[in-house]
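> Contents of protein_0.cif (mmCIF, C-alpha atoms and all ligand atoms):
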```cif
data_data
#
loop_
_atom_site.label_atom_id
_atom_site.label_comp_id
_atom_site.auth_asym_id
_atom_site.auth_seq_id
_atom_site.Cartn_x
_atom_site.Cartn_y
_atom_site.Cartn_z
CA MET A 24 -7.33 -13.57 2.72
CA ALA A 25 -4.55 -12.66 0.30
CA ARG A 26 -3.69 -9.04 -0.39
CA ASN A 27 -3.77 -7.93 -4.00
CA LEU A 28 -1.09 -5.50 -5.16
CA TYR A 29 -1.68 -3.96 -8.59
CA PHE A 30 1.50 -2.70 -10.25
CA ILE A 31 0.39 0.15 -12.45
CA GLY A 32 2.20 2.84 -14.44
CA THR A 33 2.68 4.28 -17.90
CA ALA A 34 3.97 2.09 -20.76
CA GLY A 35 7.50 0.87 -20.10
CA SER A 36 7.61 2.27 -16.56
CA GLY A 37 8.93 -1.05 -15.24
CA LYS A 38 5.78 -2.87 -14.00
CA SER A 39 6.62 -6.37 -15.26
CA THR A 40 10.24 -6.16 -14.15
CA MET A 41 9.15 -4.98 -10.70
CA VAL A 42 6.67 -7.84 -10.31
CA TYR A 43 9.52 -10.22 -11.12
CA ALA A 44 12.06 -8.50 -8.83
CA PHE A 45 9.59 -7.99 -5.98
CA GLN A 46 8.61 -11.66 -6.07
CA LEU A 47 12.29 -12.65 -5.84
CA TRP A 48 12.81 -10.20 -2.98
CA MET A 49 9.72 -11.42 -1.10
CA ASN A 50 10.81 -15.03 -1.48
CA SER A 51 14.30 -14.13 -0.22
CA GLN A 52 12.60 -12.74 2.91
CA GLY A 53 10.58 -15.91 3.40
CA LEU A 54 7.39 -14.13 2.33
CA ASP A 55 4.85 -15.95 0.28
CA CYS A 56 3.37 -14.53 -2.93
CA VAL A 57 2.00 -15.48 -6.34
CA THR A 58 2.10 -13.49 -9.59
CA VAL A 59 -0.67 -12.64 -12.03
CA ASN A 60 -0.22 -11.30 -15.56
CA LEU A 61 -3.16 -9.20 -16.78
CA ASP A 62 -1.41 -8.03 -19.96
CA PRO A 63 -2.67 -10.06 -22.96
CA GLY A 64 0.05 -8.44 -25.08
CA ALA A 65 2.98 -9.31 -22.79
CA GLU A 66 5.73 -10.84 -24.92
CA ALA A 67 8.58 -12.18 -22.81
CA LEU A 68 8.03 -12.08 -19.05
CA GLN A 69 10.93 -12.78 -16.71
CA TYR A 70 8.61 -14.42 -14.19
CA SER A 71 6.27 -17.36 -14.80
CA PRO A 72 2.81 -16.05 -13.84
CA ASP A 73 0.78 -18.34 -11.58
CA LEU A 74 -2.27 -16.91 -13.32
CA ASP A 75 -1.94 -15.58 -16.86
CA VAL A 76 -4.63 -13.86 -18.95
CA ARG A 77 -2.80 -14.97 -22.07
CA ASP A 78 -4.18 -18.44 -21.32
CA TYR A 79 -7.67 -16.95 -21.75
CA VAL A 80 -7.24 -14.20 -24.32
CA ASP A 81 -4.60 -14.27 -27.04
CA LEU A 82 -3.91 -10.81 -28.45
CA ARG A 83 -2.64 -12.10 -31.80
CA GLU A 84 -5.74 -14.24 -32.25
CA VAL A 85 -7.94 -11.24 -31.43
CA MET A 86 -6.08 -9.16 -34.03
CA GLU A 87 -6.51 -11.83 -36.71
CA GLU A 88 -10.04 -12.95 -35.91
CA GLU A 89 -11.49 -9.48 -35.42
CA ASP A 90 -9.28 -7.91 -38.07
CA LEU A 91 -8.03 -5.26 -35.64
CA GLY A 92 -4.80 -3.33 -35.26
CA PRO A 93 -2.71 -3.67 -32.09
CA ASN A 94 -4.54 -0.94 -30.15
CA GLY A 95 -8.05 -1.97 -31.22
CA ALA A 96 -7.16 -5.56 -30.33
CA GLN A 97 -5.97 -4.43 -26.86
CA VAL A 98 -9.31 -2.74 -26.26
CA ALA A 99 -11.25 -5.81 -27.44
CA ALA A 100 -8.99 -8.08 -25.37
CA ALA A 101 -9.53 -5.94 -22.26
CA ASP A 102 -13.29 -6.35 -22.65
CA MET A 103 -12.90 -10.11 -23.16
CA ILE A 104 -10.78 -10.33 -20.02
CA ALA A 105 -13.53 -8.53 -18.10
CA MET A 106 -15.93 -11.26 -19.24
CA ASN A 107 -13.54 -13.88 -17.80
CA ALA A 108 -13.15 -12.03 -14.48
CA LYS A 109 -15.15 -14.51 -12.40
CA GLU A 110 -13.25 -17.48 -13.80
CA LEU A 111 -9.91 -15.77 -13.16
CA ALA A 112 -11.01 -14.93 -9.61
CA ASN A 113 -11.97 -18.58 -9.01
CA VAL A 114 -8.49 -19.71 -10.02
CA LEU A 115 -6.93 -17.03 -7.82
CA GLU A 116 -8.95 -18.26 -4.87
CA THR A 117 -7.36 -21.70 -5.09
CA PHE A 118 -3.91 -20.27 -4.29
CA GLU A 119 -2.99 -20.31 -0.65
CA THR A 120 -0.84 -17.24 -0.37
CA ASN A 121 -0.49 -13.94 1.48
CA TYR A 122 0.22 -11.62 -1.45
CA VAL A 123 -0.82 -11.50 -5.06
CA LEU A 124 1.46 -9.40 -7.28
CA ILE A 125 -0.54 -8.26 -10.28
CA ASP A 126 1.09 -7.00 -13.47
CA THR A 127 -1.25 -4.68 -15.40
CA PRO A 128 -1.34 -4.02 -19.17
CA GLY A 129 1.33 -1.87 -20.80
CA GLN A 130 -1.26 0.66 -21.91
CA ILE A 131 -2.30 2.14 -18.59
CA GLU A 132 -5.50 3.62 -20.06
CA LEU A 133 -6.85 0.11 -20.70
CA PHE A 134 -6.76 -0.84 -17.06
CA THR A 135 -7.75 2.64 -15.92
CA PHE A 136 -10.49 3.70 -18.33
CA ARG A 137 -12.01 0.50 -19.76
CA ALA A 138 -14.39 -1.51 -17.60
CA SER A 139 -11.91 -4.38 -17.29
CA GLY A 140 -9.78 -2.76 -14.56
CA PRO A 141 -12.56 -2.10 -12.02
CA VAL A 142 -14.33 -5.36 -12.96
CA LEU A 143 -11.18 -7.36 -12.21
CA ILE A 144 -10.44 -5.44 -9.00
CA ASP A 145 -13.98 -6.19 -7.78
CA ALA A 146 -13.81 -9.85 -8.81
CA PHE A 147 -10.46 -10.35 -7.06
CA GLY A 148 -11.68 -8.60 -3.91
CA ARG A 149 -11.58 -4.84 -3.60
CA ASP A 150 -11.21 -4.76 0.21
CA ASP A 151 -7.78 -6.33 0.21
CA SER A 152 -6.30 -4.39 -2.67
CA ALA A 153 -3.77 -1.63 -3.13
CA LEU A 154 -2.11 0.08 -6.07
CA VAL A 155 1.64 0.32 -6.47
CA TYR A 156 2.03 3.30 -8.81
CA LEU A 157 5.28 3.47 -10.78
CA ASN A 158 6.49 6.95 -11.71
CA ASP A 159 8.85 6.83 -14.68
CA PRO A 160 12.16 8.68 -14.13
CA ALA A 161 11.98 9.94 -17.72
CA LEU A 162 8.88 11.94 -16.79
CA VAL A 163 9.57 13.09 -13.24
CA ARG A 164 13.08 14.32 -13.96
CA SER A 165 11.79 17.83 -14.76
CA ALA A 166 9.62 19.79 -12.34
CA SER A 167 6.84 20.20 -14.88
CA GLY A 168 7.02 16.49 -15.78
CA PHE A 169 6.79 15.72 -12.06
CA VAL A 170 3.52 17.68 -11.86
CA SER A 171 2.21 15.78 -14.92
CA SER A 172 3.06 12.50 -13.23
CA VAL A 173 1.20 13.54 -10.06
CA LEU A 174 -1.81 14.50 -12.19
CA PHE A 175 -1.74 11.17 -13.96
CA SER A 176 -1.46 9.21 -10.74
CA ALA A 177 -4.38 11.28 -9.40
CA THR A 178 -6.50 10.15 -12.35
CA VAL A 179 -5.60 6.54 -11.63
CA GLN A 180 -6.42 6.95 -7.94
CA PHE A 181 -9.65 8.75 -8.68
CA ARG A 182 -10.73 5.99 -11.03
CA HIS A 183 -9.84 3.00 -8.84
CA GLY A 184 -10.34 4.43 -5.36
CA LEU A 185 -7.79 2.12 -3.75
CA PRO A 186 -4.96 2.72 -1.27
CA PHE A 187 -1.91 3.89 -3.08
CA ILE A 188 1.84 3.36 -2.81
CA ASN A 189 3.87 5.87 -4.78
CA VAL A 190 7.06 4.50 -6.34
CA LEU A 191 9.89 6.07 -8.30
CA SER A 192 10.85 3.29 -10.68
CA LYS A 193 14.31 2.51 -12.18
CA SER A 194 16.02 4.79 -9.67
CA ASP A 195 19.38 3.20 -10.55
CA ILE A 196 19.45 5.12 -13.84
CA LEU A 197 19.21 8.48 -12.07
CA PRO A 198 22.34 10.34 -10.96
CA GLU A 199 22.34 10.68 -7.17
CA GLU A 200 21.58 14.41 -7.27
CA ASP A 201 18.58 13.93 -9.60
CA LEU A 202 17.27 11.19 -7.35
CA GLU A 203 17.58 13.36 -4.24
CA ARG A 204 15.93 16.28 -6.02
CA ILE A 205 12.94 14.21 -7.14
CA VAL A 206 12.41 12.76 -3.66
CA LYS A 207 12.68 16.27 -2.23
CA TRP A 208 10.07 17.54 -4.69
CA SER A 209 7.74 14.81 -3.47
CA LEU A 210 8.23 15.83 0.17
CA ASP A 211 8.48 19.60 -0.05
CA PRO A 212 6.03 21.46 -2.31
CA PHE A 213 8.04 24.66 -1.90
CA ALA A 214 11.12 23.02 -3.44
CA LEU A 215 8.92 21.99 -6.34
CA TYR A 216 7.39 25.47 -6.69
CA GLU A 217 10.88 26.92 -6.74
CA ALA A 218 11.97 24.52 -9.48
CA LEU A 219 8.84 25.28 -11.50
CA PHE A 220 9.63 29.00 -11.38
CA ALA A 221 13.36 28.55 -12.00
CA ASP A 222 13.00 29.18 -15.73
CA GLY A 223 10.74 32.18 -15.25
CA ALA A 224 7.00 32.38 -14.68
CA THR A 225 5.04 31.53 -17.83
CA PRO A 226 1.28 30.93 -18.02
CA LYS A 227 2.18 27.23 -18.06
CA THR A 228 4.10 27.55 -14.76
CA LEU A 229 1.13 29.19 -13.12
CA LEU A 230 -1.04 26.35 -14.33
CA ASP A 231 1.43 23.79 -12.92
CA VAL A 232 1.28 25.55 -9.56
CA GLU A 233 -2.53 25.63 -9.53
CA PHE A 234 -2.68 21.93 -10.41
CA LEU A 235 -0.20 21.11 -7.70
CA LYS A 236 -2.09 23.07 -5.05
CA SER A 237 -5.26 21.15 -5.79
CA MET A 238 -3.38 17.82 -5.81
CA GLU A 239 -2.00 18.75 -2.39
CA SER A 240 -5.40 19.60 -1.00
CA ILE A 241 -7.01 16.35 -2.20
CA GLY A 242 -4.10 14.34 -0.81
CA VAL A 243 -2.67 12.74 -3.96
CA TYR A 244 0.61 14.65 -3.86
CA ARG A 245 2.72 12.24 -1.84
CA ARG A 246 6.21 11.08 -1.13
CA VAL A 247 7.80 8.88 -3.82
CA HIS A 248 9.72 5.81 -2.72
CA PRO A 249 12.66 5.09 -5.03
CA VAL A 250 13.12 1.48 -6.12
CA SER A 251 15.29 -0.37 -8.56
CA SER A 252 14.45 -3.79 -9.90
CA GLU A 253 17.85 -3.84 -11.57
CA ILE A 254 19.87 -3.62 -8.35
CA THR A 255 17.10 -4.74 -5.93
CA PHE A 256 16.82 -1.46 -4.10
CA GLY A 257 13.96 -0.04 -2.02
CA PHE A 258 11.81 -3.15 -1.66
CA GLU A 259 11.94 -3.23 2.16
CA GLU A 260 10.41 0.23 2.10
CA ILE A 261 7.69 -0.82 -0.36
CA TYR A 262 6.90 -3.82 1.80
CA SER A 263 6.71 -1.59 4.85
CA GLN A 264 4.34 0.75 2.96
CA VAL A 265 2.21 -2.27 2.06
CA GLN A 266 2.04 -3.22 5.74
CA GLN A 267 0.96 0.29 6.66
CA VAL A 268 -1.73 0.32 4.01
CA PHE A 269 -3.26 -2.93 5.19
CA GLU A 270 -2.83 -2.85 8.92
CA GLY A 271 -1.29 0.35 10.08
CA GLY A 272 2.29 -0.88 10.18
CA GLU A 273 1.84 -4.35 11.62
CA ASP A 274 3.72 -7.14 9.92
CA LEU A 275 1.59 -10.05 8.76
CA GLU A 276 4.32 -12.46 9.86
CA LYS A 277 4.17 -11.20 13.41
CA GLY A 278 0.38 -10.97 13.54
N1 LIG B 301 17.88 0.31 -15.26
C1 LIG B 301 16.67 -0.22 -15.00
N2 LIG B 301 15.89 -0.62 -16.01
C2 LIG B 301 14.68 -1.15 -15.70
C3 LIG B 301 14.23 -1.29 -14.36
N3 LIG B 301 12.99 -1.83 -14.38
C4 LIG B 301 12.70 -2.02 -15.68
N4 LIG B 301 13.70 -1.61 -16.49
C5 LIG B 301 13.74 -1.65 -17.96
O1 LIG B 301 12.68 -0.86 -18.48
C6 LIG B 301 12.13 -1.46 -19.65
C7 LIG B 301 10.63 -1.65 -19.45
O2 LIG B 301 10.44 -2.55 -18.37
P1 LIG B 301 9.12 -3.41 -18.21
O3 LIG B 301 9.22 -4.11 -16.91
O4 LIG B 301 8.87 -4.22 -19.41
O5 LIG B 301 8.05 -2.25 -18.12
P2 LIG B 301 6.46 -2.38 -18.18
O6 LIG B 301 5.92 -1.22 -17.45
O7 LIG B 301 6.04 -3.73 -17.76
O8 LIG B 301 6.26 -2.20 -19.74
P3 LIG B 301 4.90 -2.45 -20.56
O9 LIG B 301 4.17 -3.59 -19.92
O10 LIG B 301 5.37 -2.76 -21.96
O11 LIG B 301 4.18 -1.15 -20.46
C8 LIG B 301 12.89 -2.76 -19.83
O12 LIG B 301 13.91 -2.55 -20.78
C9 LIG B 301 13.48 -3.05 -18.47
O13 LIG B 301 14.67 -3.79 -18.53
C10 LIG B 301 15.12 -0.88 -13.31
O14 LIG B 301 14.82 -0.95 -12.11
N5 LIG B 301 16.31 -0.34 -13.70
MG MG B 302 4.77 -5.12 -18.76
#
```
Output the file's structure in the form of structure tokens.
Ligand SMILES: Nc1nc2c(ncn2[C@@H]2O[C@H](COP(=O)(O)OP(=O)(O)OP(=O)(O)O)[C@@H](O)[C@H]2O)c(=O)[nH]1
Ligand SMILES: [Mg+2]

Amino acid sequence: MARNLYFIGTAGSGKSTMVYAFQLWMNSQGLDCVTVNLDPGAEALQYSPDLDVRDYVDLREVMEEEDLGPNGAQVAAADMIAMNAKELANVLETFETNYVLIDTPGQIELFTFRASGPVLIDAFGRDDSALVYLNDPALVRSASGFVSSVLFSATVQFRHGLPFINVLSKSDILPEEDLERIVKWSLDPFALYEALFADGATPKTLLDVEFLKSMESIGVYRRVHPVSSEITFGFEEIYSQVQQVFEGGEDLEKG
């Protein structure tokens, strides 16, 4: 049974590029995988998806035929994709592979809040699935933005209820000290509290702290693993996290 990895994150967080780079990295390690594009609006992908929703639902056609704007068409397309879930799953089943790298739509709310996300996850096999959540450096650079990113990832986790790998995307664009600080915030809540209070305690800071405490207690405040698709950094660690999620650290190759 193949394992399904859903790459999910806010618009432009680096999902498609990571699917491409992670496939290259896996192949370089002699690991077998296929790629799936679930974004009907994807324009130019660097990888050639083995399964592509654009072959089933064409966003431009939806816009023209239904007379919808780009966002309305995305919503309609997501619902159409959900109706094709069984067919997509049948195609997926014909691939003999260990890992399926799944690129999700740019607009994270489509996959998270519309029916299409859960419908596809169920059709592809929920038991063997995990989320790879991409935190965007632009958001997590500030302490308050970091808390917002944790809250957002909590919503995604709450909605999908799948094992979760927490990634800091595009880490190559961060100066070393920023990168270290962000990783520290993800490991040490007190460092994050300190940073939140650095500019003085406002009602907003107190709210950030309360949010963070509850995220800690429900277990969604976790270590981020920095990666870069640009300079192929951090993928061994992601792969090792994937192993831990699925079989408590054992490598599929050795099993
Ligand atoms: N420096 C750097 N840039 C990156 C990296 N990954 C992605 N990017 C850039 O970030 C931008 C968005 O990347 P995408 O892979 O299209 O992001 P996405 O999340 O798939 O975007 P949408 O599907 O449109 O939401 C592109 O300009 C990429 O070249 C990275 O690791 N390092
Ligand atoms: Mg994309």
> What does the structure give for the distance between atom CA of A:Gly37 and atom CA of A:Leu191, in Å to one decimal?
10.0 Å
> Between A:Ser192, A:Thr225, A:Thr120, A:Ser209, which one has atoms that come closest to A:Gly257, using all atoms listed in the file?
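Closest candidate: A:Ser192.
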> Tell me which of A:Ser71, A:Asn60, A:Ser263, A:Thr117 sits closest to ligand LIG 301 (chain B), counting only C-alpha atoms and all ligand atoms.
A:Asn60
> Between A:Tyr244, A:Ile254, A:Asp159, A:Leu174, which has the minimum distance to A:Asp195 (counting only C-alpha atoms)?
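With only C-alpha atoms as the atom set, the closest residue is A:Ile254.
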> Using only C-alpha atoms and all ligand atoms, I'd like a table of the residues in chain A that come within 7 Å of ligand LIG 301 (chain B); for each, show the closest atom pair and its distance in Å rounded to one decimal, ordered by chain and ascending number, as JSON lines.

```
{"residue": "A:Gly32", "atom": "CA", "partner": "B:LIG301", "partner_atom": "O6", "distance": 6.3}
{"residue": "A:Thr33", "atom": "CA", "partner": "B:LIG301", "partner_atom": "O11", "distance": 6.2}
{"residue": "A:Ala34", "atom": "CA", "partner": "B:LIG301", "partner_atom": "O11", "distance": 3.3}
{"residue": "A:Gly35", "atom": "CA", "partner": "B:LIG301", "partner_atom": "O8", "distance": 3.3}
{"residue": "A:Ser36", "atom": "CA", "partner": "B:LIG301", "partner_atom": "O6", "distance": 4.0}
{"residue": "A:Gly37", "atom": "CA", "partner": "B:LIG301", "partner_atom": "O5", "distance": 3.2}
{"residue": "A:Lys38", "atom": "CA", "partner": "B:LIG301", "partner_atom": "O6", "distance": 3.8}
{"residue": "A:Ser39", "atom": "CA", "partner": "B:LIG301", "partner_atom": "O7", "distance": 3.7}
{"residue": "A:Thr40", "atom": "CA", "partner": "B:LIG301", "partner_atom": "O3", "distance": 3.6}
{"residue": "A:Met41", "atom": "CA", "partner": "B:LIG301", "partner_atom": "N3", "distance": 6.2}
{"residue": "A:Ala65", "atom": "CA", "partner": "B:LIG301", "partner_atom": "O9", "distance": 6.5}
{"residue": "A:Pro128", "atom": "CA", "partner": "B:LIG301", "partner_atom": "O9", "distance": 5.6}
{"residue": "A:Gly129", "atom": "CA", "partner": "B:LIG301", "partner_atom": "O11", "distance": 3.0}
{"residue": "A:Gln130", "atom": "CA", "partner": "B:LIG301", "partner_atom": "O11", "distance": 5.9}
{"residue": "A:Ser192", "atom": "CA", "partner": "B:LIG301", "partner_atom": "O14", "distance": 6.0}
{"residue": "A:Lys193", "atom": "CA", "partner": "B:LIG301", "partner_atom": "O14", "distance": 3.5}
{"residue": "A:Ser194", "atom": "CA", "partner": "B:LIG301", "partner_atom": "O14", "distance": 6.4}
{"residue": "A:Asp195", "atom": "CA", "partner": "B:LIG301", "partner_atom": "N5", "distance": 5.6}
{"residue": "A:Ile196", "atom": "CA", "partner": "B:LIG301", "partner_atom": "N1", "distance": 5.3}
{"residue": "A:Val250", "atom": "CA", "partner": "B:LIG301", "partner_atom": "O14", "distance": 6.7}
{"residue": "A:Ser251", "atom": "CA", "partner": "B:LIG301", "partner_atom": "O14", "distance": 3.6}
{"residue": "A:Ser252", "atom": "CA", "partner": "B:LIG301", "partner_atom": "O14", "distance": 3.6}
{"residue": "A:Glu253", "atom": "CA", "partner": "B:LIG301", "partner_atom": "O14", "distance": 4.2}
{"residue": "A:Ile254", "atom": "CA", "partner": "B:LIG301", "partner_atom": "O14", "distance": 6.8}
```
> List as a list in words the protein and nucleic acid residues near A:Val80, meaning an atom at most 7 Å away when only C-alpha atoms are counted, but skip any in the same chain fewer than 5 places from it.
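Answer for this query is Pro63, Ala100 and Ile104 of chain A.
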> Save out the residues we just selected, C-alpha atoms, as a PDB file, in the frame of the given file.

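Saved as selection-v1.pdb:
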```
ATOM      1  CA  PRO A  63      -2.670 -10.060 -22.960  1.00  0.00           C
ATOM      2  CA  ALA A 100      -8.990  -8.080 -25.370  1.00  0.00           C
ATOM      3  CA  ILE A 104     -10.780 -10.330 -20.020  1.00  0.00           C
TER       4      ILE A 104
END
```
> My list of candidates is A:Pro186, A:Asn50, A:Phe147, A:Asp55. Which is closest to A:Asn121 when distances are computed with all atoms listed in the file?
A:Asp55
> If I take atom CA of A:Leu54 and atom CA of A:Leu74, how far is one from the other in Å, to one decimal?
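These two atoms are separated by 18.6 Å.
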> Work out how far atom CA of A:Phe169 is from atom CA of A:Gly184, in Å to one decimal.
21.6 Å
> Ranking A:Asp73, A:Glu66, A:Glu233, A:Asp211 by minimum distance to ligand MG 302 (chain B) and counting all atoms listed in the file, which one comes first?
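Comparing A:Asp73, A:Glu66, A:Glu233, A:Asp211 against ligand MG 302 (chain B), the winner is A:Glu66.
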> Between A:Gln46, A:Ser171, A:Thr127, A:Asn113, single out the one closest to ligand MG 302 (chain B), counting only C-alpha atoms and all ligand atoms.
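When distances to ligand MG 302 (chain B) are compared using only C-alpha atoms and all ligand atoms, the smallest one comes from A:Thr127.
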> Extract, using only C-alpha atoms, all DNA, RNA and protein residues at most 7 Å from A:Phe30, discarding same-chain residues fewer than 6 positions from it, and format them as JSON, numbers by chain.
{"A": [38, 125, 126, 127, 154, 155, 156]}
> Once you have the residues from the selection above, write them out as a PDB file, in the coordinates of the input, restricted to C-alpha atoms.

```pdb
ATOM      1  CA  LYS A  38       5.780  -2.870 -14.000  1.00  0.00           C
ATOM      2  CA  ILE A 125      -0.540  -8.260 -10.280  1.00  0.00           C
ATOM      3  CA  ASP A 126       1.090  -7.000 -13.470  1.00  0.00           C
ATOM      4  CA  THR A 127      -1.250  -4.680 -15.400  1.00  0.00           C
ATOM      5  CA  LEU A 154      -2.110   0.080  -6.070  1.00  0.00           C
ATOM      6  CA  VAL A 155       1.640   0.320  -6.470  1.00  0.00           C
ATOM      7  CA  TYR A 156       2.030   3.300  -8.810  1.00  0.00           C
TER       8      TYR A 156
END
```
> Can you report as lines of an AutoDock Vina configuration file the centre and edge lengths in Å, to one decimal, of an axis-aligned box around the listed atoms of stretch 221-235 of chain A padded with 3 Å on each side?

```
center_x = 5.3
center_y = 26.7
center_z = -12.9
size_x = 22.0
size_y = 17.3
size_z = 16.4
```
> Extract, using all atoms listed in the file, all DNA, RNA and protein residues at most 10 Å from A:Ala25, discarding same-chain residues fewer than 6 positions from it, and format them as a PyMOL selection string.
chain A and resi 55-57+115-116+118-123+147-148+151-152
> Just the residues within 8 Å of A:Ala177, please, counting only C-alpha atoms, with nothing from its chain fewer than 3 positions along; format it as a VMD selection string.
chain A and resid 173 to 174 180 to 181 238 243
> Considering only C-alpha atoms, return as an MDAnalysis selection string whatever protein or nucleic-acid residues lie within 12 Å of A:Phe213, sequence-local ones (same chain, fewer than 3 positions apart) excluded.
chainID A and resid 166 207:210 216:220 232 235:236 239
